[in-house]
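Peer 1: Take a look at the following structure, please.
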Amino acid sequence: MPLADHLVTEGLMVVGCDPMLAPDGHDFESVCGDLQDMHQICRLLNQHRIDTVIHSGAVSGSTLLRDDPFRVAQLNMFGTTHLIEAARAIGIPKFVYVSSLSAYGNTPPGPVDVDAPMRPGSVYSATKGAGDLLVMAYRNQYDMNAVSLRIGGLYGPGRKT
């Protein structure tokens with residue numbers, strides 16, 4: 001079950017923001033938005049009275065836009081910067097960044113310790129690791145309640161990669 005649908009079943013109000021509107025059949029509001037547009041992000045966060053941001057918007061997976069590293073960096077790193085800065089400026093109390101296990105690079109089979117060194121093997125992986133560090137910096141510099149989750153693999157309905 002996609003995260004947004006799960007949160008709705010838990011009784012939370014969910015607003016999804018994506019460059020493309022979510023297809024019908026979901027019980028949450030979907031708005032069209034662009035993480036590159038800081039003013040639009042601030043307007044949407046204020047308009048919907050958001051109290052927690054769960055940021056999973058980005059180039060999803062190392063194979064998408066593989067031949068356009070600048071675009072991957074622009075969407076993943078600058079998009080994350082715009083969103084966390086908007087959340088901080090508005091005073092949103094919680095920020096969750098959905099990162100990727102790929103930030104560690106190639107690792108031996110088995111569990112990966114959170115303190116393992118990051119050795120990204122692709123531009124995508126490097127941008128996810130950069131997002132982790134940005135969230136850590138915002139937590140330290142601005143005392144934000146912000147965390148990164150390094151998710152292993154995503155699969156299921158609606159998955160595009």
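Here's how to read the names in the structure tokens: chain A, B, ... by the order shown, residue numbers from 1 in each chain, ligand numbers from 1 in the order shown.
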Using only C-alpha atoms, which protein or nucleic acid residues come within 12 Å of range 90-93 of chain A? Drop anything in the same chain fewer than 2 positions from it, and give the result as a PyMOL selection string.
Peer 2: chain A and resi 38-39+41-54+83-88+95-96+139+142-147
Peer 1: Residues within 7 Å of range 101-117 of chain A, please, as a CSV table (one decimal) with C-alpha atoms, in the first residue's frame. Count only C-alpha atoms; anything in the same chain fewer than 5 positions from it doesn't count.
Peer 2:
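Done, and the output landed in result.csv:
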```
chain,number,residue,atom,x,y,z
A,125,SER,CA,23.2,7.7,-5.1
A,126,ALA,CA,25.4,10.7,-4.4
A,128,LYS,CA,20.5,10.9,-2.0
A,129,GLY,CA,23.6,11.0,0.3
A,150,ARG,CA,17.5,5.2,3.9
A,151,ILE,CA,15.0,2.9,2.3
A,152,GLY,CA,16.3,-0.3,0.8
```
Peer 1: So that I can check the secondary structure, give me every residue of range 74-149 of chain A assigned helix (DSSP H, G or I) by backbone DSSP, as number ranges by chain.
Peer 2: A: 74-90, 101-104, 123-142
Peer 1: Leu7 in chain A: which residues within 12 Å, counting only C-alpha atoms, same-chain residues fewer than 6 positions away excluded, as a list in words?
Peer 2: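 The filter keeps Met1, Met13, Val14, Val15, Gly16, His26, Asp27, Phe28, Thr52 and Ile54 of chain A.
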Peer 1: Can you tell me, as a list in words, what residues are no more than 7 Å from range 70-79 of chain A when counting only C-alpha atoms, ignoring any on the same chain fewer than 4 positions away?
Peer 2: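 Neighbouring residues, sequence-local ones excluded: Leu35, Gln36, Ala58, Val59, Leu65, Leu83, Tyr124, Thr127, Ala130 and Gly131 of chain A.
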